[in-house]
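Coordinates as given in data34.txt (compact mmCIF, N, CA, C and O atoms):
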```
# COMPACT_ATOMS: atom_id res chain seq x y z
N MET A 488 -3.49 -12.45 -3.00
CA MET A 488 -3.36 -11.50 -1.93
C MET A 488 -3.25 -10.12 -2.56
O MET A 488 -2.61 -9.93 -3.59
N LYS A 489 -3.87 -9.14 -1.94
CA LYS A 489 -3.84 -7.78 -2.42
C LYS A 489 -3.24 -6.90 -1.32
O LYS A 489 -3.63 -7.00 -0.17
N ILE A 490 -2.26 -6.08 -1.69
CA ILE A 490 -1.65 -5.12 -0.77
C ILE A 490 -2.06 -3.73 -1.24
O ILE A 490 -1.85 -3.37 -2.39
N ILE A 491 -2.67 -2.97 -0.34
CA ILE A 491 -3.10 -1.61 -0.65
C ILE A 491 -2.37 -0.66 0.29
O ILE A 491 -2.40 -0.85 1.51
N VAL A 492 -1.72 0.34 -0.27
CA VAL A 492 -1.01 1.35 0.51
C VAL A 492 -1.81 2.64 0.41
O VAL A 492 -2.05 3.14 -0.70
N ARG A 493 -2.22 3.17 1.57
CA ARG A 493 -3.00 4.41 1.60
C ARG A 493 -2.31 5.43 2.48
O ARG A 493 -1.70 5.09 3.50
N ALA A 494 -2.43 6.68 2.10
CA ALA A 494 -1.99 7.80 2.93
C ALA A 494 -3.25 8.47 3.45
O ALA A 494 -4.19 8.71 2.70
N GLU A 495 -3.27 8.75 4.75
CA GLU A 495 -4.46 9.33 5.36
C GLU A 495 -4.09 10.62 6.06
O GLU A 495 -3.14 10.67 6.84
N LEU A 496 -4.85 11.67 5.78
CA LEU A 496 -4.69 12.97 6.41
C LEU A 496 -5.82 13.17 7.41
O LEU A 496 -6.98 13.01 7.05
N VAL A 497 -5.45 13.48 8.65
CA VAL A 497 -6.44 13.75 9.69
C VAL A 497 -6.22 15.19 10.16
O VAL A 497 -5.15 15.53 10.64
N THR A 498 -7.25 16.01 10.00
CA THR A 498 -7.14 17.42 10.40
C THR A 498 -7.31 17.54 11.91
O THR A 498 -7.71 16.60 12.59
N ASP A 499 -7.03 18.75 12.43
CA ASP A 499 -7.17 19.00 13.86
C ASP A 499 -8.62 18.92 14.33
O ASP A 499 -8.89 18.69 15.50
N TRP A 500 -9.57 19.10 13.41
CA TRP A 500 -10.98 19.05 13.80
C TRP A 500 -11.63 17.71 13.47
O TRP A 500 -12.84 17.57 13.51
N GLY A 501 -10.82 16.70 13.15
CA GLY A 501 -11.32 15.35 13.03
C GLY A 501 -11.70 14.86 11.65
O GLY A 501 -12.10 13.71 11.50
N GLU A 502 -11.61 15.70 10.64
CA GLU A 502 -11.93 15.25 9.29
C GLU A 502 -10.78 14.41 8.76
O GLU A 502 -9.62 14.68 9.03
N THR A 503 -11.12 13.38 8.01
CA THR A 503 -10.08 12.52 7.43
C THR A 503 -10.25 12.45 5.91
O THR A 503 -11.37 12.52 5.39
N MET A 504 -9.12 12.31 5.24
CA MET A 504 -9.12 12.13 3.80
C MET A 504 -8.07 11.08 3.48
O MET A 504 -6.91 11.22 3.86
N ALA A 505 -8.47 10.01 2.82
CA ALA A 505 -7.54 8.94 2.47
C ALA A 505 -7.31 8.92 0.96
O ALA A 505 -8.24 9.13 0.17
N VAL A 506 -6.06 8.69 0.58
CA VAL A 506 -5.69 8.61 -0.82
C VAL A 506 -4.96 7.30 -1.04
O VAL A 506 -4.02 6.98 -0.31
N GLU A 507 -5.40 6.52 -2.01
CA GLU A 507 -4.72 5.27 -2.32
C GLU A 507 -3.45 5.58 -3.11
O GLU A 507 -3.51 6.19 -4.18
N VAL A 508 -2.31 5.18 -2.57
CA VAL A 508 -1.03 5.47 -3.19
C VAL A 508 -0.64 4.37 -4.17
O VAL A 508 -0.15 4.63 -5.26
N ALA A 509 -0.84 3.12 -3.77
CA ALA A 509 -0.46 2.00 -4.63
C ALA A 509 -1.27 0.77 -4.27
O ALA A 509 -1.80 0.65 -3.17
N GLN A 510 -1.34 -0.14 -5.24
CA GLN A 510 -2.03 -1.41 -5.03
C GLN A 510 -1.24 -2.50 -5.76
O GLN A 510 -0.88 -2.33 -6.92
N PHE A 511 -0.97 -3.58 -5.05
CA PHE A 511 -0.22 -4.69 -5.61
C PHE A 511 -1.01 -5.98 -5.45
O PHE A 511 -1.58 -6.23 -4.39
N ASP A 512 -1.05 -6.78 -6.49
CA ASP A 512 -1.69 -8.10 -6.43
C ASP A 512 -0.60 -9.16 -6.45
O ASP A 512 0.31 -9.12 -7.28
N ARG A 513 -0.70 -10.09 -5.52
CA ARG A 513 0.26 -11.18 -5.44
C ARG A 513 -0.47 -12.51 -5.50
O ARG A 513 -1.37 -12.75 -4.69
N PRO A 514 -0.13 -13.37 -6.46
CA PRO A 514 -0.73 -14.71 -6.48
C PRO A 514 -0.07 -15.59 -5.43
O PRO A 514 1.04 -16.09 -5.64
N VAL A 515 -0.70 -15.73 -4.29
CA VAL A 515 -0.12 -16.49 -3.19
C VAL A 515 -1.09 -17.58 -2.76
O VAL A 515 -2.25 -17.32 -2.47
N SER A 516 -0.60 -18.80 -2.74
CA SER A 516 -1.44 -19.90 -2.25
C SER A 516 -1.19 -20.14 -0.77
O SER A 516 -2.08 -20.58 -0.06
N GLU A 517 0.02 -19.82 -0.29
CA GLU A 517 0.34 -19.95 1.12
C GLU A 517 1.04 -18.68 1.59
O GLU A 517 1.74 -18.03 0.83
N LEU A 518 0.84 -18.34 2.84
CA LEU A 518 1.52 -17.17 3.39
C LEU A 518 2.91 -17.58 3.88
O LEU A 518 3.07 -18.16 4.93
N GLU A 519 3.90 -17.30 3.06
CA GLU A 519 5.27 -17.60 3.40
C GLU A 519 6.05 -16.29 3.52
O GLU A 519 5.72 -15.31 2.85
N PRO A 520 7.10 -16.24 4.33
CA PRO A 520 7.84 -14.99 4.53
C PRO A 520 8.37 -14.37 3.24
O PRO A 520 8.35 -13.15 3.08
N GLU A 521 8.82 -15.18 2.29
CA GLU A 521 9.36 -14.63 1.05
C GLU A 521 8.27 -14.06 0.14
O GLU A 521 8.57 -13.33 -0.80
N CYS A 522 7.01 -14.35 0.40
CA CYS A 522 5.91 -13.84 -0.42
C CYS A 522 5.34 -12.53 0.14
O CYS A 522 4.66 -11.81 -0.56
N LEU A 523 5.60 -12.24 1.41
CA LEU A 523 5.06 -11.05 2.05
C LEU A 523 6.00 -9.87 1.88
O LEU A 523 7.19 -10.03 1.63
N GLY A 524 5.49 -8.68 2.05
CA GLY A 524 6.32 -7.49 1.98
C GLY A 524 6.39 -6.92 0.58
O GLY A 524 5.71 -7.36 -0.34
N LEU A 525 7.24 -5.90 0.44
CA LEU A 525 7.35 -5.19 -0.82
C LEU A 525 8.75 -5.39 -1.40
O LEU A 525 9.73 -5.48 -0.68
N SER A 526 8.81 -5.39 -2.71
CA SER A 526 10.10 -5.48 -3.40
C SER A 526 10.65 -4.07 -3.62
O SER A 526 9.96 -3.07 -3.39
N LEU A 527 11.87 -3.98 -4.10
CA LEU A 527 12.46 -2.69 -4.42
C LEU A 527 11.65 -1.98 -5.50
O LEU A 527 11.41 -0.77 -5.43
N ALA A 528 11.20 -2.72 -6.49
CA ALA A 528 10.38 -2.14 -7.56
C ALA A 528 9.06 -1.60 -7.01
O ALA A 528 8.59 -0.54 -7.43
N ASP A 529 8.47 -2.32 -6.05
CA ASP A 529 7.24 -1.84 -5.41
C ASP A 529 7.48 -0.53 -4.67
O ASP A 529 6.69 0.41 -4.77
N GLY A 530 8.59 -0.44 -3.95
CA GLY A 530 8.94 0.78 -3.24
C GLY A 530 9.15 1.95 -4.18
O GLY A 530 8.73 3.07 -3.88
N LYS A 531 9.78 1.70 -5.31
CA LYS A 531 10.00 2.75 -6.29
C LYS A 531 8.66 3.25 -6.87
O LYS A 531 8.50 4.44 -7.11
N GLN A 532 7.73 2.33 -7.07
CA GLN A 532 6.42 2.72 -7.58
C GLN A 532 5.69 3.59 -6.56
O GLN A 532 5.08 4.60 -6.92
N ILE A 533 5.78 3.22 -5.29
CA ILE A 533 5.12 4.01 -4.24
C ILE A 533 5.72 5.41 -4.20
O ILE A 533 4.99 6.41 -4.14
N LEU A 534 7.04 5.52 -4.25
CA LEU A 534 7.68 6.84 -4.23
C LEU A 534 7.29 7.70 -5.42
O LEU A 534 7.05 8.89 -5.30
N SER A 535 7.20 7.09 -6.60
CA SER A 535 6.81 7.87 -7.77
C SER A 535 5.36 8.32 -7.69
O SER A 535 5.01 9.39 -8.17
N ASN A 536 4.50 7.52 -7.07
CA ASN A 536 3.09 7.91 -6.91
C ASN A 536 2.90 9.00 -5.88
O ASN A 536 1.95 9.78 -5.97
N LEU A 537 3.79 9.05 -4.89
CA LEU A 537 3.67 10.11 -3.87
C LEU A 537 4.02 11.45 -4.47
O LEU A 537 3.51 12.45 -4.17
```
Can you present the structure in this file as structure tokens?
Amino acid sequence: MKIIVRAELVTDWGETMAVEVAQFDRPVSELEPECLGLSLADGKQILSNL
């Protein structure tokens, strides 16, 4: 499973610009609640990239 976090800017006249903030790869064979979401370390990485 791949999680991609993007920030998107939309101007008043309709132009958009997207920037990829972070990308996480998770080896998941089944979608279970404990496998989904972000960890504290993931959150810290996103904040440092912003």
For atom N of Gln532 (chain A) and CA of Ala509 (chain A), the interatomic separation in Å (one decimal): 8.6 Å
Computed interatomic separation between CA of Leu534 (chain A) and CA of Glu517 (chain A) (Å):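 Separation between CA of Leu534 (chain A) and CA of Glu517 (chain A): 28.3 Å.
Among the candidates A:Val492, A:Leu518, A:Leu525, A:Ile533, the residue lying nearest to Val506 (chain A) is A:Val492 (atoms considered: all atoms listed in the file).
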Residues of chain A in helix (DSSP H, G or I), written as a ChimeraX atom specification: /A:520-522,527-536
Shell of 8 Å around Glu507 (chain A), all atoms listed in the file, local chain residues under 5 positions omitted, as a PyMOL selection string: chain A and resi 491-495+536-537
